[in-house]
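Take a look at the structure set out below.
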Amino acid sequence: MNTRVDLLTKEFPPAVYGGAGVHVTELARQLRTLVDLRVHCFGEPRPEPGVAAYREPHLADGANPVLRTLATNVEMGAGCAGADLVHSHTWYANSAGRLARTLYGIPHVVTTHSLEPLRPWKAEQLGGGYRLSSLVERTAVITADAVIAVSHGMREDVLRVYPEVDPERVHVVHNGIDTDAHRPDPGTAALERHGIDPDRPLVLFVGRVTRQKGLPHLLRAAFELDPAAQLVLCCGQPDTPEIAAETAALVEELRRARSGVVRIDGMLDPVSLRQLLTHADVFVCPSLYEPMGIVNLEAMACGTAVVATATGGIPEVVDDGVTGLLVPVEQEQDGTGTPLDPGRFAADLAAAVNRLLAEPERARGMGEAGRARARDRFSWRAAAERVLDVYREVLA
């Protein structure tokens, strides 16, 4: 397809810290073989050909950080001159796509990795900037020539939150997984480095410290976990000082009650992540909001059974009873996703994890089935080809 497509994103290697960044990285790798691809991202210059990076400008002291994002989007939008189509990922780059569409008269495709109205806890982090990020996303989604959702659950959310959007314009393209990069790794260097006992069962969490990921609920559940098991928490950057303090307090309380609680802060390198996922007996994803959840695919690709919340797009990834166990939860419909009965949710999480710890052969079988499902159902090549179909439709 001799078409120039400009991909607009905040995250791009080496600055990747979340699922959206992984998605863009892998999608770009595949799209380069299908279209004339240019990438526009935030941050320091990249040596890679066809990648333009934009530094956020310094504004007046105390200026809301969302204003820096919007200012960067203006420059990014200007850089799209000559493109046949622009494709933006997350609200961080949506304004650039919207500006390019208006300025150059070209189609704008938006991929929704989450929706701002369904993450109201971000108001704690961004203040008035959350209202701006919500406005940016809304404007982009309702005016886009096509919207790509990363799961059918996400598509339902888009149509519910933005009823103005024509359902015919909303397409589903699941996240993928590179099962060559994410594979079982028997190495133990990461365990040794972090003081993890290879002879004790291992329950693993990997995620940001944010309301969305449900870590406090897992920590409350952990008081009921089999005491023979270790709980390893790989924690990304906290969203706010408040959730950082809440998480730290729960971890310390848990450590007083049981042994084998290991907390690892910051982004893990790929090898360490692969080794921890491989050695885990159970990977736990207690998310309250998860449009799809690449981390579950990463765990499955490493041959590990998954216990996850039955919410959002997770049931499209984790095959309940086959590759793991899904934990049902009744949630508030105010956008927070808060469990109606937090105690019940924590107890059900603990029971599901304990069930697999008590049946290690079953857990191993689920891990093997999970790797096969990741390999056979979620390739990035297939995702790129479905995205290409969307491009052809809006350019026709």
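In the structure tokens, each chain is lettered A, B, ... as it comes, each chain's residues begin at 1, and ligands are numbered from 1 in order of appearance.
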- Sel. of strand (DSSP E or B) residues, stretch 101-217 of chain A, as a list in words: His108, Val109, Val110, Thr111, Thr112, Ala146, Val147, Ile148, Ala149, Val170, His171, Val172, Leu202, Val203, Leu204, Phe205, Val206 and Gly207 of chain A
With the cut-off set at 12 Å and counting only C-alpha atoms, tabulate each residue of stretch 134-227 of chain A with an atom at most that distance from an atom of stretch 20-40 of chain A, showing the nearest atom pair and its distance in Å to one decimal, ordered by chain and increasing number, as a Markdown table.
| residue | atom | partner | partner_atom | distance |
| --- | --- | --- | --- | --- |
| A:Ala149 | CA | A:Ala20 | CA | 11.9 |
| A:Val150 | CA | A:His23 | CA | 9.7 |
| A:Val173 | CA | A:His23 | CA | 11.0 |
| A:His174 | CA | A:His23 | CA | 9.8 |
| A:Asn175 | CA | A:His23 | CA | 6.5 |
| A:Gly176 | CA | A:His23 | CA | 7.5 |
| A:Ile177 | CA | A:Glu26 | CA | 8.3 |
| A:Asp178 | CA | A:Glu26 | CA | 8.2 |
| A:Thr179 | CA | A:Glu26 | CA | 12.0 |
| A:Ala181 | CA | A:Glu26 | CA | 11.2 |
For those residues, write C-alpha atoms to a file as a compact mmCIF listing (two decimals), in the first residue's frame.
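Okay, result.txt is ready:
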# COMPACT_ATOMS: atom_id res chain seq x y z
CA ALA A 149 -11.05 -0.39 20.09
CA VAL A 150 -8.62 -2.94 21.53
CA VAL A 173 -8.39 -4.85 16.72
CA HIS A 174 -7.07 -6.80 19.68
CA ASN A 175 -3.66 -6.14 21.13
CA GLY A 176 -1.07 -8.69 20.10
CA ILE A 177 1.90 -10.40 21.66
CA ASP A 178 5.34 -11.33 20.34
CA THR A 179 5.71 -14.89 21.55
CA ALA A 181 10.21 -12.06 22.82
Would you pick out the contacts of stretch 317-327 of chain A at 8 Å or less, using only C-alpha atoms, so that residues sharing its chain but fewer than 4 positions from it are not included, and give the list as a PDB file with N, CA and C atoms, in the first residue's frame?
ATOM      1  N   MET A 292      -8.137  -4.214  27.723  1.00  0.00           N
ATOM      2  CA  MET A 292      -7.722  -5.542  27.274  1.00  0.00           C
ATOM      3  C   MET A 292      -6.700  -6.153  28.221  1.00  0.00           C
ATOM      4  N   ASN A 296      -1.571  -9.612  30.722  1.00  0.00           N
ATOM      5  CA  ASN A 296      -2.088 -10.980  30.814  1.00  0.00           C
ATOM      6  C   ASN A 296      -1.575 -11.831  29.659  1.00  0.00           C
ATOM      7  N   LEU A 297      -1.509 -11.229  28.471  1.00  0.00           N
ATOM      8  CA  LEU A 297      -0.941 -11.941  27.326  1.00  0.00           C
ATOM      9  C   LEU A 297       0.537 -12.262  27.556  1.00  0.00           C
ATOM     10  N   MET A 300       0.685 -15.221  29.854  1.00  0.00           N
ATOM     11  CA  MET A 300       0.289 -16.426  29.127  1.00  0.00           C
ATOM     12  C   MET A 300       1.396 -16.884  28.184  1.00  0.00           C
ATOM     13  N   ALA A 305      -0.284 -19.546  34.396  1.00  0.00           N
ATOM     14  CA  ALA A 305      -1.724 -19.439  34.618  1.00  0.00           C
ATOM     15  C   ALA A 305      -2.058 -18.052  35.164  1.00  0.00           C
ATOM     16  N   VAL A 306      -3.218 -17.535  34.790  1.00  0.00           N
ATOM     17  CA  VAL A 306      -3.621 -16.177  35.157  1.00  0.00           C
ATOM     18  C   VAL A 306      -4.903 -16.205  35.988  1.00  0.00           C
ATOM     19  N   VAL A 307      -4.913 -15.427  37.055  1.00  0.00           N
ATOM     20  CA  VAL A 307      -6.148 -15.119  37.788  1.00  0.00           C
ATOM     21  C   VAL A 307      -6.417 -13.642  37.560  1.00  0.00           C
ATOM     22  N   ALA A 308      -7.580 -13.318  37.012  1.00  0.00           N
ATOM     23  CA  ALA A 308      -7.848 -11.926  36.640  1.00  0.00           C
ATOM     24  C   ALA A 308      -9.311 -11.581  36.855  1.00  0.00           C
ATOM     25  N   THR A 309      -9.547 -10.293  36.998  1.00  0.00           N
ATOM     26  CA  THR A 309     -10.908  -9.792  37.148  1.00  0.00           C
ATOM     27  C   THR A 309     -11.681  -9.965  35.844  1.00  0.00           C
ATOM     28  N   ALA A 310     -12.918 -10.392  35.956  1.00  0.00           N
ATOM     29  CA  ALA A 310     -13.770 -10.551  34.767  1.00  0.00           C
ATOM     30  C   ALA A 310     -14.392  -9.204  34.413  1.00  0.00           C
ATOM     31  N   GLY A 313     -12.024  -5.971  28.696  1.00  0.00           N
ATOM     32  CA  GLY A 313     -11.641  -6.913  27.657  1.00  0.00           C
ATOM     33  C   GLY A 313     -10.914  -8.139  28.168  1.00  0.00           C
ATOM     34  N   PHE A 345     -14.917  -9.227  46.849  1.00  0.00           N
ATOM     35  CA  PHE A 345     -13.979  -9.268  45.729  1.00  0.00           C
ATOM     36  C   PHE A 345     -12.608  -9.755  46.185  1.00  0.00           C
ATOM     37  N   ASP A 348     -12.742 -13.461  46.934  1.00  0.00           N
ATOM     38  CA  ASP A 348     -12.825 -14.268  45.720  1.00  0.00           C
ATOM     39  C   ASP A 348     -11.477 -14.318  44.987  1.00  0.00           C
ATOM     40  N   LEU A 349     -10.748 -13.198  45.008  1.00  0.00           N
ATOM     41  CA  LEU A 349      -9.406 -13.197  44.432  1.00  0.00           C
ATOM     42  C   LEU A 349      -8.508 -14.210  45.154  1.00  0.00           C
ATOM     43  N   ALA A 352      -9.445 -17.865  44.330  1.00  0.00           N
ATOM     44  CA  ALA A 352      -9.031 -18.305  42.992  1.00  0.00           C
ATOM     45  C   ALA A 352      -7.533 -18.599  42.956  1.00  0.00           C
ATOM     46  N   ALA A 363      -2.529 -25.808  37.243  1.00  0.00           N
ATOM     47  CA  ALA A 363      -1.972 -24.492  36.910  1.00  0.00           C
ATOM     48  C   ALA A 363      -0.968 -24.604  35.761  1.00  0.00           C
ATOM     49  N   GLY A 365      -0.939 -26.858  33.417  1.00  0.00           N
ATOM     50  CA  GLY A 365      -1.704 -27.113  32.205  1.00  0.00           C
ATOM     51  C   GLY A 365      -2.337 -25.842  31.661  1.00  0.00           C
ATOM     52  N   MET A 366      -2.825 -24.992  32.550  1.00  0.00           N
ATOM     53  CA  MET A 366      -3.381 -23.711  32.127  1.00  0.00           C
ATOM     54  C   MET A 366      -2.301 -22.833  31.503  1.00  0.00           C
ATOM     55  N   GLY A 367      -1.095 -22.888  32.077  1.00  0.00           N
ATOM     56  CA  GLY A 367       0.006 -22.109  31.519  1.00  0.00           C
ATOM     57  C   GLY A 367       0.338 -22.551  30.109  1.00  0.00           C
ATOM     58  N   GLU A 368       0.370 -23.855  29.883  1.00  0.00           N
ATOM     59  CA  GLU A 368       0.648 -24.370  28.535  1.00  0.00           C
ATOM     60  C   GLU A 368      -0.450 -23.958  27.559  1.00  0.00           C
ATOM     61  N   ALA A 369      -1.705 -24.038  28.010  1.00  0.00           N
ATOM     62  CA  ALA A 369      -2.824 -23.626  27.152  1.00  0.00           C
ATOM     63  C   ALA A 369      -2.781 -22.124  26.875  1.00  0.00           C
ATOM     64  N   GLY A 370      -2.330 -21.368  27.866  1.00  0.00           N
ATOM     65  CA  GLY A 370      -2.233 -19.925  27.683  1.00  0.00           C
ATOM     66  C   GLY A 370      -1.197 -19.547  26.654  1.00  0.00           C
TER      67      GLY A 370
END
One residue among A:Leu191, A:Val206, A:Gly343, A:Glu361 is nearest to A:Ile294 when using only C-alpha atoms, and that residue is A:Val206
In terms of only C-alpha atoms, the residue from A:Ile148, A:Asp166, A:Asp180, A:Ser133 at minimal distance from A:Leu388 is A:Ile148
Q.
So that I can check the secondary structure, give me every residue of stretch 70-138 of chain A assigned helix (DSSP H, G or I) by backbone DSSP, as a ChimeraX atom specification.
A. /A:70-78,91-104,116-118,122-126,128-138
d(atom CA of A:Glu224, atom CA of A:Gly207) in Å: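 Taking atom CA of A:Glu224 as the start and atom CA of A:Gly207 as the end point, the length is 21.1 Å.
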*Between A:Glu56, A:Ser134, A:Val170, A:Trp121, which has the minimum distance to A:Val394 (counting only C-alpha atoms)?*
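Selected residue with least distance to A:Val394: A:Val170.
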- Item | Distance query A:Val165 at most 12 Å, only C-alpha atoms, self and fewer than 2 positions along chain excluded, as a PyMOL selection string | chain A and resi 138-147+155-163+167-171
Inset, instruction - Can you pull out every residue within 8 Å of A:Arg101, counting only C-alpha atoms, but drop anything in the same chain fewer than 6 positions away, and send it as a PyMOL selection string? - result: chain A and resi 86+107-108
**Message:** Can you tell me which residues surround A:Glu332 at a distance of at most 12 Å, considering only C-alpha atoms, apart from same-chain residues fewer than 2 positions away, and format the answer as a list in words?
**Reply:**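 After dropping sequence-adjacent residues, the list is Leu118, Leu288, Tyr289, Val329, Glu330, Asp334, Gly335, Thr336, Gly337, Thr338, Pro339, Leu340, Asp341 and Pro342 of chain A.
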Residues from last step as file, C-alpha atoms, as a PDB file, in the first residue's frame:
ATOM      1  CA  LEU A 118     -13.933   5.706  32.906  1.00  0.00           C
ATOM      2  CA  LEU A 288     -10.978  -2.656  38.045  1.00  0.00           C
ATOM      3  CA  TYR A 289     -10.749  -1.219  34.520  1.00  0.00           C
ATOM      4  CA  VAL A 329     -17.049  -8.490  40.393  1.00  0.00           C
ATOM      5  CA  GLU A 330     -20.076  -6.224  40.660  1.00  0.00           C
ATOM      6  CA  ASP A 334     -20.064   5.875  38.202  1.00  0.00           C
ATOM      7  CA  GLY A 335     -16.915   5.384  36.142  1.00  0.00           C
ATOM      8  CA  THR A 336     -14.707   4.367  39.074  1.00  0.00           C
ATOM      9  CA  GLY A 337     -15.300   0.627  38.724  1.00  0.00           C
ATOM     10  CA  THR A 338     -15.227   0.361  42.541  1.00  0.00           C
ATOM     11  CA  PRO A 339     -16.432  -3.094  43.706  1.00  0.00           C
ATOM     12  CA  LEU A 340     -19.850  -2.929  45.322  1.00  0.00           C
ATOM     13  CA  ASP A 341     -18.592  -5.427  47.885  1.00  0.00           C
ATOM     14  CA  PRO A 342     -14.790  -4.949  48.247  1.00  0.00           C
TER      15      PRO A 342
END
I need the residue nearest A:Arg344 from this list: A:Arg193, A:Arg98, A:His217, A:Arg208. Use only C-alpha atoms for the distance.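 Closest residue, counting only C-alpha atoms: A:His217.
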